[in-house]
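The next block holds one structure in the form of structure tokens; read it before the comments.
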Amino acid sequence: MIIELKNNVSAEKAEQLATAIKAFRILSNGKQTLVTGSGVKELPQELTDFTEQFWVFANDIQLASKKYRNDVREVAFGKDIIGGNSGNTVLIGGPCSVESEEQIQSAAELLVKLGLNTLRGGCYKPRTSPYSFQGLGLEGLKLLAKMREKYGLNVITEARDATHIDEIIEYTDIIQVGAKAMYDQGILRACAKTNKPVLIKRGFGTTLQEFVQAAEFVLSGGNENVVLCERGIRTFETGTRFTLDLCGVAWLQEHTNLPIILDPSHAMGYAYGVPSLAKACVAMGVDGLLIETHPNPKFAKSDASQQLNYDEFERLFETLKPLANVLGRKMI
Ligand code: PEP
Ligand code: MN
């Protein structure tokens, strides 16, 4: 249950009530709000005099649900807005991993040339083998911060561990929680304590319910700035790396109030398929895309087969731009 308290309820009283009914107390939509599990179906008696309105839910998709908020939340991506009435489709570009200053600078310059604003680059890579490149860590974060400073770009990078959150907040604008990390409640709770936007990727074996519940960990902890990212799920098919779940995206658009970003790069796993998938994603009217690009994909230290080279990325962007415009959206 979500309970919006009356404006005249003091913070102390709200805290008392929250403790009495074992609820989260957060500021949601500018209002003092208490949140309990969805098992609570009737307004607790002690709340009657203090409640403005309340919502009852069939399951634990609550703060993220369309039933609670019938719009799409606005989330600030650095200096840009996505969701809400912004009409923006953010194209997040950059390499899988930050590998060197020269490499990340070339990606930053590509984005600037195309008039795009958001640069990605992993510094703590969640690799499936301990012998693979694990990322540059703090050194990589400093390079991202340098690009942010030099080019005015918003930067996003992933947290592999809750202990990375403070560093990531210091050097970047948006925290990415990866497909393998999205069940990590230490990371989710640490993200909840910040007010930075959090992009949560769907695990490849994660149901939509579990996916949105991961977002609920961040929302109920007090951070309203959550974005969902579909990046492909594992099916019986082995010809592609994963299967981009566009049905799932339609479900999320129908049932949740969170901006949605699609990642065709990790879903496909091969550069050749990324452009056509990206067009399908834009056609769905989503809030953004995440596309990996590298100056020389063959030599990339991670995800070499799926990264577009800069010519391919530029050509794709030129195709996507008018497509977004037809839908009344703008690529940023
Ligand atoms: C990535 O964005 O480079 C990444 C590791 O993605 P995912 O968590 O979706 O596998
Ligand atoms: Mn990658």
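Letters A, B, ... mark the chains of the structure tokens in the order given; residue numbers begin at 1 per chain; ligand numbers begin at 1, in order shown.
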**OP:** Grab me every residue within 9 Å of ligand 1, counting only C-alpha atoms and all ligand atoms, and send it over as an MDAnalysis selection string.
**Re:** chainID A and resid 95:97 120:122 125:127 157:158 176:182 200:204 229:232 263 265:267 290:292 302:303
Subject >> Shell of 10 Å around Leu110 (chain A), only C-alpha atoms, local chain residues under 5 positions omitted, as an MDAnalysis selection string >> reply: chainID A and resid 93:94 104:105 115:116 119 293 295 310:311 313:314
**OP:** For Thr36 (chain A), please output as a PyMOL selection string all residues within 12 Å (counting only C-alpha atoms; exclusion window: fewer than 4 positions along the same chain).
**Re:** chain A and resi 1-4+17-26+40-44+54-57+59-63+216+220-221
Subject >> Gap from CA of His294 (chain A) to CA of Leu316 (chain A) - Å, one decimal >> reply: 14.1 Å
Counting only C-alpha atoms, what is within 10 Å of Asp49 (chain A), bar same-chain residues fewer than 4 positions away, as a PDB file with C-alpha atoms, in the first residue's frame?
```
ATOM      1  CA  LEU A   5       0.077  11.867   4.079  1.00  0.00           C
ATOM      2  CA  LYS A   6      -1.716  15.189   4.505  1.00  0.00           C
ATOM      3  CA  VAL A   9       1.683  16.083   9.081  1.00  0.00           C
ATOM      4  CA  GLN A  45      -6.613   2.613  11.680  1.00  0.00           C
TER       5      GLN A  45
END
```
**OP:** May I ask which of the residues A:Ile332, A:Ala58, A:Val212, A:Ile169 is the closest one to Thr118 (chain A), counting only C-alpha atoms?
**Re:** A:Ile332
Subject >> Exercise: Leu252 (chain A) partners within 9 Å, only C-alpha atoms, chain neighbours under 5 positions left out, as an MDAnalysis selection string >> reply: chainID A and resid 208 212 228 247 257:258 260
**OP:** Return the single residue from A:Met147, A:Ala108, A:Ala300, A:Leu219 that is closest to ligand 2, with distances computed using only C-alpha atoms and all ligand atoms.
**Re:** A:Ala300
